[in-house]
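Structure file upload-v8.txt with compact mmCIF, C-alpha atoms:
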# COMPACT_ATOMS: atom_id res chain seq x y z
CA ALA A 1 1.87 19.80 12.84
CA ALA A 2 1.34 16.11 12.08
CA ALA A 3 3.77 14.22 14.30
CA ASP A 4 5.26 11.03 12.99
CA THR A 5 4.00 7.79 14.42
CA ASP A 6 6.45 7.78 17.34
CA ARG A 7 3.80 8.72 19.91
CA LEU A 8 1.67 5.75 18.94
CA THR A 9 4.71 3.53 18.72
CA ARG A 10 5.88 4.68 22.18
CA PHE A 11 2.41 4.04 23.60
CA LEU A 12 2.30 0.51 22.25
CA SER A 13 5.83 -0.33 23.37
CA ASP A 14 5.87 1.41 26.78
CA THR A 15 2.33 0.52 27.88
CA ARG A 16 2.32 -3.06 29.13
CA ALA A 17 -0.96 -2.58 30.99
CA LEU A 18 -3.71 0.02 31.18
CA ARG A 19 -6.72 0.87 33.30
CA ALA A 20 -9.37 3.49 32.45
CA THR A 21 -13.01 4.38 32.65
CA PHE A 22 -14.73 4.89 29.30
CA THR A 23 -17.87 6.19 27.74
CA GLN A 24 -18.98 4.57 24.48
CA GLU A 25 -21.25 6.29 22.00
CA VAL A 26 -22.52 4.49 18.91
CA ARG A 27 -23.85 6.69 16.10
CA ASP A 28 -25.64 5.64 12.93
CA MET A 29 -24.69 6.78 9.45
CA ASP A 30 -26.78 9.95 9.90
CA GLY A 31 -24.87 10.74 13.10
CA ALA A 32 -27.80 10.07 15.41
CA VAL A 33 -26.76 8.50 18.73
CA MET A 34 -28.02 4.92 18.83
CA GLU A 35 -26.55 3.90 22.14
CA ARG A 36 -24.53 5.43 24.97
CA SER A 37 -22.84 3.31 27.64
CA THR A 38 -20.16 3.69 30.29
CA GLY A 39 -17.85 1.30 32.07
CA THR A 40 -14.32 0.47 33.10
CA MET A 41 -11.59 -1.23 31.12
CA VAL A 42 -8.33 -2.95 32.01
CA LEU A 43 -5.82 -4.60 29.70
CA GLU A 44 -2.46 -6.28 29.93
CA ARG A 45 -0.27 -7.34 27.00
CA PRO A 46 -0.54 -9.53 25.15
CA ASP A 47 -4.27 -9.95 24.52
CA ARG A 48 -5.54 -9.94 28.10
CA PHE A 49 -8.33 -7.44 28.63
CA ARG A 50 -11.59 -6.83 30.42
CA TRP A 51 -14.32 -4.38 29.34
CA ASP A 52 -16.94 -4.00 32.08
CA TYR A 53 -19.97 -2.15 30.73
CA LEU A 54 -21.93 -0.79 33.71
CA GLU A 55 -24.58 1.58 32.30
CA PRO A 56 -27.27 1.32 30.94
CA ALA A 57 -26.79 -2.34 31.76
CA GLU A 58 -24.08 -4.68 32.95
CA GLN A 59 -22.15 -6.61 30.29
CA HIS A 60 -18.61 -8.04 30.46
CA VAL A 61 -16.13 -8.80 27.66
CA ILE A 62 -13.15 -10.69 29.15
CA SER A 63 -10.07 -12.30 27.61
CA ASP A 64 -7.27 -14.25 29.28
CA GLY A 65 -5.29 -14.24 26.05
CA ARG A 66 -6.69 -17.59 24.86
CA THR A 67 -10.40 -17.54 25.65
CA LEU A 68 -12.97 -14.79 25.19
CA TRP A 69 -15.99 -14.61 27.57
CA LEU A 70 -18.98 -12.43 26.82
CA TYR A 71 -21.17 -12.39 29.92
CA ASP A 72 -24.59 -10.76 30.10
CA PRO A 73 -26.01 -11.11 33.64
CA GLU A 74 -29.56 -10.10 32.72
CA LEU A 75 -29.67 -12.62 29.90
CA LEU A 76 -28.27 -15.23 32.32
CA GLN A 77 -25.82 -16.31 29.64
CA VAL A 78 -22.09 -16.30 28.89
CA SER A 79 -20.75 -17.15 25.45
CA VAL A 80 -17.25 -18.63 25.36
CA ARG A 81 -15.00 -18.85 22.31
CA PRO A 82 -11.32 -19.00 21.39
CA LEU A 83 -9.95 -15.45 21.37
CA GLY A 84 -8.17 -15.83 18.05
CA GLN A 85 -11.18 -16.22 15.82
CA ALA A 86 -13.32 -13.81 17.78
CA LEU A 87 -11.56 -10.50 17.80
CA ALA A 88 -9.14 -10.08 14.95
CA ASN A 89 -8.41 -6.39 14.30
CA THR A 90 -10.64 -4.99 16.98
CA PRO A 91 -9.65 -2.23 19.40
CA ALA A 92 -9.49 -4.59 22.36
CA LEU A 93 -6.94 -6.69 20.53
CA LEU A 94 -5.07 -3.70 19.18
CA LEU A 95 -4.67 -2.05 22.57
CA GLY A 96 -3.53 -5.38 23.96
CA GLY A 97 -1.54 -6.39 20.90
CA ASP A 98 2.17 -5.83 20.38
CA LEU A 99 3.88 -3.30 18.12
CA GLY A 100 5.02 -5.88 15.56
CA ARG A 101 1.45 -6.66 14.57
CA LEU A 102 0.50 -2.99 14.23
CA GLU A 103 2.32 -2.35 10.96
CA GLU A 104 1.46 -5.86 9.79
CA ASN A 105 -2.26 -5.36 10.39
CA PHE A 106 -2.80 -1.65 9.75
CA ILE A 107 -1.83 1.24 7.51
CA VAL A 108 -0.99 3.94 10.08
CA THR A 109 -1.22 7.64 9.20
CA PRO A 110 -0.61 10.51 11.66
CA LEU A 111 -3.29 13.20 11.29
CA ASP A 112 -3.27 16.86 12.22
CA ASP A 113 -3.79 17.63 15.90
CA GLN A 114 -7.29 18.72 16.91
CA GLU A 115 -8.09 20.53 20.17
CA GLY A 116 -4.89 19.32 21.75
CA ILE A 117 -5.42 15.69 20.70
CA HIS A 118 -2.86 13.95 18.50
CA TRP A 119 -4.77 11.65 16.15
CA TYR A 120 -3.65 8.60 14.21
CA GLU A 121 -5.67 6.89 11.53
CA LEU A 122 -5.41 3.07 11.30
CA VAL A 123 -6.89 1.33 8.29
CA PRO A 124 -6.92 -2.48 8.55
CA ARG A 125 -5.03 -4.19 5.76
CA ASP A 126 -7.52 -7.09 5.96
CA PRO A 127 -10.71 -6.08 4.07
CA GLU A 128 -12.65 -8.58 6.19
CA ALA A 129 -11.79 -6.62 9.35
CA VAL A 130 -14.68 -5.78 11.65
CA PHE A 131 -14.29 -2.07 11.01
CA GLN A 132 -13.28 0.13 8.09
CA GLN A 133 -11.17 2.65 9.90
CA MET A 134 -10.01 3.42 13.41
CA LEU A 135 -8.77 6.69 14.88
CA ILE A 136 -6.71 6.80 18.06
CA GLY A 137 -6.23 10.10 19.87
CA PHE A 138 -3.69 11.00 22.56
CA ARG A 139 -3.60 13.95 24.90
CA GLY A 140 0.12 14.27 25.44
CA GLU A 141 1.24 10.70 25.97
CA THR A 142 -2.08 9.54 27.39
CA LEU A 143 -4.71 7.62 25.42
CA ALA A 144 -7.72 9.96 25.12
CA GLN A 145 -10.17 8.71 22.48
CA MET A 146 -10.78 6.07 19.86
CA GLU A 147 -13.27 6.16 17.03
CA LEU A 148 -14.20 3.18 14.89
CA THR A 149 -16.20 3.36 11.68
CA ASP A 150 -17.66 0.13 10.36
CA HIS A 151 -18.91 -0.97 6.95
CA LEU A 152 -22.51 -0.02 7.75
CA GLY A 153 -21.54 3.59 8.35
CA GLN A 154 -21.92 3.20 12.09
CA SER A 155 -19.28 4.81 14.27
CA THR A 156 -18.30 4.05 17.84
CA ARG A 157 -16.55 6.72 19.85
CA LEU A 158 -14.74 5.68 23.02
CA THR A 159 -13.66 8.45 25.38
CA PHE A 160 -11.23 7.41 28.12
CA SER A 161 -10.69 9.07 31.50
CA ASP A 162 -8.78 8.28 34.74
CA VAL A 163 -6.24 6.58 32.47
CA GLU A 164 -3.50 4.73 34.38
CA ALA A 165 -0.58 3.31 32.42
CA ASN A 166 1.11 0.16 33.77
CA PRO A 167 -0.99 -0.19 36.94
CA GLY A 168 -0.54 -3.34 39.02
CA LEU A 169 -3.39 -5.64 37.97
CA ASP A 170 -4.75 -8.74 39.71
CA PRO A 171 -4.46 -11.63 37.20
CA ALA A 172 -7.89 -12.87 38.35
CA LEU A 173 -9.36 -9.89 36.48
CA PHE A 174 -8.65 -11.70 33.21
CA GLY A 175 -10.51 -14.89 34.05
CA PHE A 176 -14.18 -15.70 34.44
CA THR A 177 -16.11 -18.26 36.46
CA PRO A 178 -19.79 -18.41 35.57
CA PRO A 179 -22.04 -17.84 38.61
CA PRO A 180 -24.69 -20.50 39.31
CA GLY A 181 -27.77 -20.32 37.09
CA VAL A 182 -25.90 -18.85 34.14
CA ASP A 183 -25.93 -20.79 30.86
CA VAL A 184 -22.49 -21.33 29.38
CA ILE A 185 -22.48 -21.62 25.57
CA GLY A 186 -19.42 -22.66 23.54
CA GLU A 187 -15.81 -23.53 24.46
CA GLY A 188 -12.65 -21.49 24.94
CA GLY A 189 -9.27 -21.50 23.22
CA CYS B 1 -45.74 -7.71 7.03
CA ALA B 2 -44.84 -4.48 8.72
CA ALA B 3 -48.45 -3.31 8.99
CA VAL B 4 -49.61 -4.09 12.51
CA PRO B 5 -53.42 -4.53 12.82
CA PRO B 6 -54.63 -3.27 16.25
CA THR B 7 -56.74 -6.27 17.32
CA THR B 8 -55.42 -9.51 18.78
CA PRO B 9 -57.07 -12.89 19.44
CA LEU B 10 -58.50 -12.34 22.92
CA GLU B 11 -59.28 -15.16 25.30
CA GLY B 12 -58.41 -15.28 28.96
CA ASP B 13 -59.98 -13.15 31.66
CA SER B 14 -61.06 -9.52 31.43
CA GLY B 15 -57.74 -8.34 32.94
CA TRP B 16 -55.91 -9.91 30.00
CA ARG B 17 -58.41 -8.54 27.48
CA ARG B 18 -58.05 -4.99 28.76
CA HIS B 19 -54.25 -5.31 28.82
CA ALA B 20 -54.06 -6.86 25.35
CA GLU B 21 -56.38 -4.28 23.85
CA ALA B 22 -54.38 -1.37 25.28
CA VAL B 23 -51.01 -2.82 24.23
CA GLY B 24 -52.45 -3.78 20.83
CA ARG B 25 -53.00 -0.10 20.12
CA ILE B 26 -49.24 0.47 20.34
CA THR B 27 -48.09 0.23 16.72
CA ALA B 28 -44.96 2.38 16.88
CA TRP B 29 -41.97 2.16 19.25
CA ASP B 30 -38.23 2.47 19.67
CA LEU B 31 -36.84 -0.51 21.52
CA GLN B 32 -33.21 -0.49 22.69
CA GLY B 33 -31.88 -3.68 24.19
CA ARG B 34 -29.56 -6.66 23.94
CA VAL B 35 -30.13 -10.02 22.40
CA ALA B 36 -28.34 -13.34 22.69
CA LEU B 37 -28.97 -15.92 19.97
CA THR B 38 -27.92 -19.53 20.48
CA LEU B 39 -27.77 -21.75 17.42
CA GLU B 40 -26.11 -25.19 17.27
CA GLY B 41 -24.14 -24.72 20.47
CA GLU B 42 -22.79 -21.31 19.61
CA ALA B 43 -24.01 -18.11 21.24
CA TRP B 44 -23.96 -14.74 19.62
CA HIS B 45 -24.50 -11.47 21.49
CA ALA B 46 -25.59 -8.17 19.99
CA SER B 47 -27.18 -4.93 20.97
CA LEU B 48 -30.49 -4.27 19.24
CA LEU B 49 -32.19 -1.07 18.15
CA TRP B 50 -35.75 -1.73 16.88
CA GLN B 51 -37.52 1.29 15.39
CA GLN B 52 -41.11 0.37 14.52
CA LEU B 53 -43.70 2.53 12.76
CA PRO B 54 -47.23 1.43 11.86
CA ASP B 55 -46.17 0.58 8.30
CA SER B 56 -42.40 0.15 8.40
CA TYR B 57 -39.58 -0.88 10.72
CA ARG B 58 -35.81 -0.81 11.03
CA LEU B 59 -33.84 -3.36 13.06
CA ARG B 60 -30.18 -2.74 13.81
CA LEU B 61 -27.88 -5.31 15.40
CA SER B 62 -24.41 -4.28 16.63
CA SER B 63 -21.59 -6.08 18.38
CA PRO B 64 -20.87 -5.13 22.01
CA LEU B 65 -18.17 -2.70 20.85
CA GLY B 66 -20.68 -1.06 18.50
CA GLN B 67 -19.69 -2.49 15.14
CA GLY B 68 -22.70 -2.85 12.88
CA VAL B 69 -23.57 -6.49 12.27
CA ALA B 70 -26.85 -6.31 10.37
CA MET B 71 -29.48 -3.78 9.43
CA VAL B 72 -32.94 -4.86 8.32
CA GLU B 73 -35.49 -2.37 6.98
CA GLY B 74 -39.02 -3.44 6.16
CA ARG B 75 -42.11 -1.98 4.54
CA ALA B 76 -45.23 -3.93 3.63
CA GLY B 77 -44.17 -6.44 0.98
CA GLU B 78 -40.46 -5.52 0.81
CA VAL B 79 -37.65 -6.06 3.30
CA ARG B 80 -34.00 -5.12 2.82
CA ILE B 81 -30.88 -6.26 4.64
CA ALA B 82 -27.41 -4.66 4.78
CA LEU B 83 -24.40 -6.58 6.16
CA PRO B 84 -20.89 -5.40 7.12
CA ASP B 85 -19.24 -7.30 4.26
CA GLY B 86 -21.15 -5.01 1.89
CA THR B 87 -23.91 -7.51 1.07
CA ARG B 88 -27.25 -5.89 0.24
CA ASP B 89 -30.31 -8.06 -0.41
CA ARG B 90 -34.08 -7.84 -0.67
CA ALA B 91 -36.99 -10.23 -0.12
CA ALA B 92 -40.70 -10.21 0.64
CA ASP B 93 -40.09 -10.90 4.34
CA ALA B 94 -37.33 -10.56 6.91
CA GLU B 95 -37.30 -14.23 7.87
CA THR B 96 -36.11 -15.20 4.38
CA LEU B 97 -33.23 -12.72 4.59
CA LEU B 98 -32.15 -13.67 8.11
CA ARG B 99 -32.20 -17.35 7.18
CA ARG B 100 -30.35 -16.78 3.92
CA HIS B 101 -27.59 -14.57 5.33
CA LEU B 102 -27.32 -15.39 9.04
CA GLY B 103 -28.82 -18.87 9.25
CA TRP B 104 -31.55 -17.87 11.73
CA ARG B 105 -35.16 -18.99 11.29
CA LEU B 106 -36.70 -16.05 13.15
CA PRO B 107 -40.31 -14.89 12.43
CA VAL B 108 -39.79 -11.12 12.62
CA ASP B 109 -43.49 -10.49 11.96
CA GLY B 110 -44.37 -12.68 14.91
CA LEU B 111 -41.72 -10.96 17.02
CA ALA B 112 -43.48 -7.61 16.51
CA TRP B 113 -46.38 -9.09 18.58
CA TRP B 114 -44.45 -11.27 20.99
CA VAL B 115 -42.08 -8.46 21.98
CA ARG B 116 -45.14 -6.47 23.13
CA GLY B 117 -46.39 -9.40 25.14
CA LEU B 118 -49.14 -10.34 22.69
CA PRO B 119 -49.85 -13.49 20.66
CA ARG B 120 -49.70 -12.89 16.90
CA PRO B 121 -53.13 -12.89 15.23
CA GLY B 122 -53.89 -16.09 13.31
CA PRO B 123 -51.92 -19.14 14.46
CA GLU B 124 -53.22 -21.14 17.44
CA ALA B 125 -51.79 -19.83 20.70
CA ARG B 126 -51.47 -21.52 24.11
CA PRO B 127 -51.07 -18.68 26.64
CA ARG B 128 -50.51 -18.66 30.40
CA PHE B 129 -51.29 -15.45 32.29
CA ASP B 130 -50.12 -13.95 35.57
CA ASP B 131 -52.56 -12.52 38.09
CA ALA B 132 -52.11 -9.04 36.60
CA GLY B 133 -53.57 -10.35 33.31
CA ARG B 134 -50.26 -10.37 31.47
CA LEU B 135 -48.66 -13.18 29.50
CA VAL B 136 -46.17 -15.29 31.46
CA ARG B 137 -45.72 -17.96 28.81
CA LEU B 138 -46.94 -18.35 25.24
CA GLU B 139 -46.60 -21.26 22.87
CA GLN B 140 -47.25 -20.31 19.24
CA SER B 141 -45.91 -21.11 15.76
CA GLY B 142 -43.42 -23.65 17.15
CA TRP B 143 -42.00 -21.20 19.66
CA ARG B 144 -42.09 -21.29 23.45
CA ILE B 145 -41.92 -17.71 24.77
CA ASP B 146 -41.28 -16.91 28.43
CA TYR B 147 -41.88 -13.42 29.82
CA LEU B 148 -39.53 -13.03 32.80
CA ASP B 149 -40.47 -9.49 33.79
CA TYR B 150 -42.36 -6.43 32.64
CA VAL B 151 -41.71 -2.70 32.82
CA ARG B 152 -44.21 0.16 33.05
CA VAL B 153 -44.09 2.37 29.91
CA GLY B 154 -46.57 5.16 29.18
CA GLY B 155 -49.34 3.60 31.25
CA GLN B 156 -48.83 0.06 29.90
CA ASP B 157 -46.84 -2.94 31.03
CA LEU B 158 -44.42 -4.03 28.30
CA PRO B 159 -42.04 -6.98 28.48
CA ARG B 160 -38.54 -6.26 29.75
CA ARG B 161 -37.03 -9.72 29.47
CA VAL B 162 -38.28 -12.27 26.94
CA PHE B 163 -36.70 -15.70 26.30
CA LEU B 164 -37.88 -17.42 23.08
CA ALA B 165 -37.00 -20.97 22.05
CA SER B 166 -37.79 -22.96 18.93
CA ASP B 167 -36.43 -26.41 18.08
CA HIS B 168 -33.29 -24.96 16.51
CA LEU B 169 -32.78 -21.47 17.88
CA GLU B 170 -32.94 -19.74 21.25
CA VAL B 171 -33.31 -15.97 21.50
CA ARG B 172 -32.94 -14.07 24.77
CA LEU B 173 -33.91 -10.40 24.74
CA VAL B 174 -33.59 -7.78 27.46
CA VAL B 175 -35.01 -4.32 26.82
CA SER B 176 -33.09 -1.41 28.35
CA HIS B 177 -35.40 1.28 26.91
CA TRP B 178 -38.90 1.28 25.44
CA THR B 179 -39.73 4.64 23.84
CA LEU B 180 -43.31 5.19 22.64
CA PRO B 181 -44.57 8.16 20.61
CA PRO B 182 -46.88 10.40 22.72
CA ASP B 183 -50.07 8.91 21.26
CA GLY B 184 -48.75 5.36 21.20
CA GLY B 185 -48.44 5.27 17.39
Same coordinates, now as C-alpha cells:
Amino acid sequence: AAADTDRLTRFLSDTRALRATFTQEVRDMDGAVMERSTGTMVLERPDRFRWDYLEPAEQHVISDGRTLWLYDPELLQVSVRPLGQALANTPALLLGGDLGRLEENFIVTPLDDQEGIHWYELVPRDPEAVFQQMLIGFRGETLAQMELTDHLGQSTRLTFSDVEANPGLDPALFGFTPPPGVDVIGEGG
Amino acid sequence: CAAVPPTTPLEGDSGWRRHAEAVGRITAWDLQGRVALTLEGEAWHASLLWQQLPDSYRLRLSSPLGQGVAMVEGRAGEVRIALPDGTRDRAADAETLLRRHLGWRLPVDGLAWWVRGLPRPGPEARPRFDDAGRLVRLEQSGWRIDYLDYVRVGGQDLPRRVFLASDHLEVRLVVSHWTLPPDGG
C-alpha cells in the first residue's frame, strides 16, 4: 500500500550524515544506456557533500556548504563556484538539505511499493529546476535508489549500496585543495 | 557540414601521411568522454556523447549527475539543438546554434577532424608531429590544439586527451571510450 510520506520525512530528519557507494546509469529518451559510472558518496547536513566518481574515470563534486568544486584530474582543471547558484534542486542538495525546504521546493507523492522498495515522487515546484521529476526509493528505512528525469527525456538512475547512516565523517572530506599543475577556474561562495 | 570527405591535406613525413590517410577513412564513431569549457573566467564541465555517421551526427552534453544540458543533431545543411528549458532551434550549422544559445564560438565541423587528430581540409594548418607521425600540436582557424596523449583503437591511434584554445574559449576533452563500427564507417 502507498505509505504516507513519513518514511521520507524520517529519513530527512534522522539522517544527519550518510556514506554509500553508488552506481550511476544515464539513459537517453529511448532508454539506451549513454553512460555508466560508479563511485562513493558522503554527505553531511546542511549542504556538505562529496561525490567521488571512480569509474570509468575519476571526477569529484565537492561542497563545503558554501563553495562547490568540480575537479577533473585528467582535464587538469577544477571549476569553483558558490554552491547556491550551482545546485538548486539537485539530488546532492536535496539529500543534504533540511526537511523544511523539501515541502517548499517539491510536490511529494508516495507511490506504490515495487519489489520491496518504497518509492516517493518529487516534482520540483520551480519550473527552472535542473530536472523534471525525481524518484527516491527506500528499502526499509535505508536509501536504495534515486531516479531523475530531465527536460530532454534523459534519466539518471543512482543505485546505492553499503549505505551507512550518520557515520563519523572527517570534515576535511568536504574541502578541496587543488594539487599543483591543476588550473583553478572561478571563485567560491 | 556533417559529410566527412575521406582525404586530408597531407604534408609532413610518410609516417604522418600513412597515419592521416588511415584515420581519414574513419567517418563514423561513438565517442564518450568529458569536456571542460572555459569562457570569460568561468569553467563548465559536462560529459559528452558524440555519435557520428558519415552524413549525420548527434552530440549530447550532460552535467556530471547526468542531467541533459544540450543535444545537437546535424545532417548536411541542417542542424537542430534541444535545451533543457524546452528551447528547440534550427540553423544551417552547429556553430551558429551554440553561439546563439550557449555563447560558445566552437567550429563543430572543424572538431570532427581535430578530434580524430587531423587538420580540417581547407584552412591553412601549422602542424607539429611526434616521432610516431601523429599530431602533437596544430594551429588552424584561430585555434591552438594540443594532443596530450593517444589511445589505440581498431588498429589506429586516436586522440585521448585534446586541449583546444581560441582567443575567447578553451575546450579540454578527454575521451573515455572510442567505439568504431567494424569497417571504420
Worksheet item: Between A:Ala20, A:Pro110, A:Ser155, A:Gly116, which one has atoms that come closest to Phe131 of chain A, using only C-alpha atoms?
Response: A:Ser155
Worksheet item: When the cut-off is 10 Å and we count only C-alpha atoms, which residues of chain A are near chain B, given as a ChimeraX atom specification?
Response: /A:24-28,34-36,51,53,55-57,59-61,70-72,74-81,90-92,127-132,148-158,184-187
Discussion item. To one decimal place in Å, what is the distance between atom CA of Leu118 of chain B and atom CA of Arg75 of chain B?
Written reply: 21.2 Å
Item to complete: Considering all atoms listed in the file, return as a PyMOL selection string whatever protein or nucleic-acid residues lie within 12 Å of segment 76-79 of chain B, sequence-local ones (same chain, fewer than 6 positions apart) excluded.
Response: chain B and resi 1-4+53-59+88-98+108-109
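In this structure, atom CA of Arg116 of chain B sits 17.0 Å away from atom CA of Pro182 of chain B.
The space between atom CA of Leu111 of chain B and atom CA of Ala32 of chain A spans 25.3 Å.
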Where's the centre, and what are the edge lengths in Å to one decimal, of a box along x, y and z enclosing all listed atoms of segment 170-188 of chain A padded 8 Å per side, as AutoDock Vina command-line options?
--center_x -16.1 --center_y -16.1 --center_z 31.6 --size_x 39.3 --size_y 30.8 --size_z 32.2
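Counting all atoms listed in the file, the residue from B:Val153, B:Ala165, B:Val115, B:Leu135 that sits nearest to Trp16 of chain B is B:Leu135.
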Practice prompt. For Trp113 of chain B, work out the shell of residues within 10 Å, counting only C-alpha atoms and skipping chain neighbours fewer than 5 positions away, then give it as a ChimeraX atom specification.
Written response: /B:4,8,23-24,27,108,118-121
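For the set A:Pro167, A:Gly188, A:Pro178, A:Pro82, the residue with the smallest atom-to-atom gap to Val42 of chain A is A:Pro167, counting only C-alpha atoms.
Distance annotation: of A:Gln133, A:Gly181, A:Ala172, A:Ser161, the residue with the minimal separation from Gly39 of chain A is A:Ser161; atom set is all atoms listed in the file.
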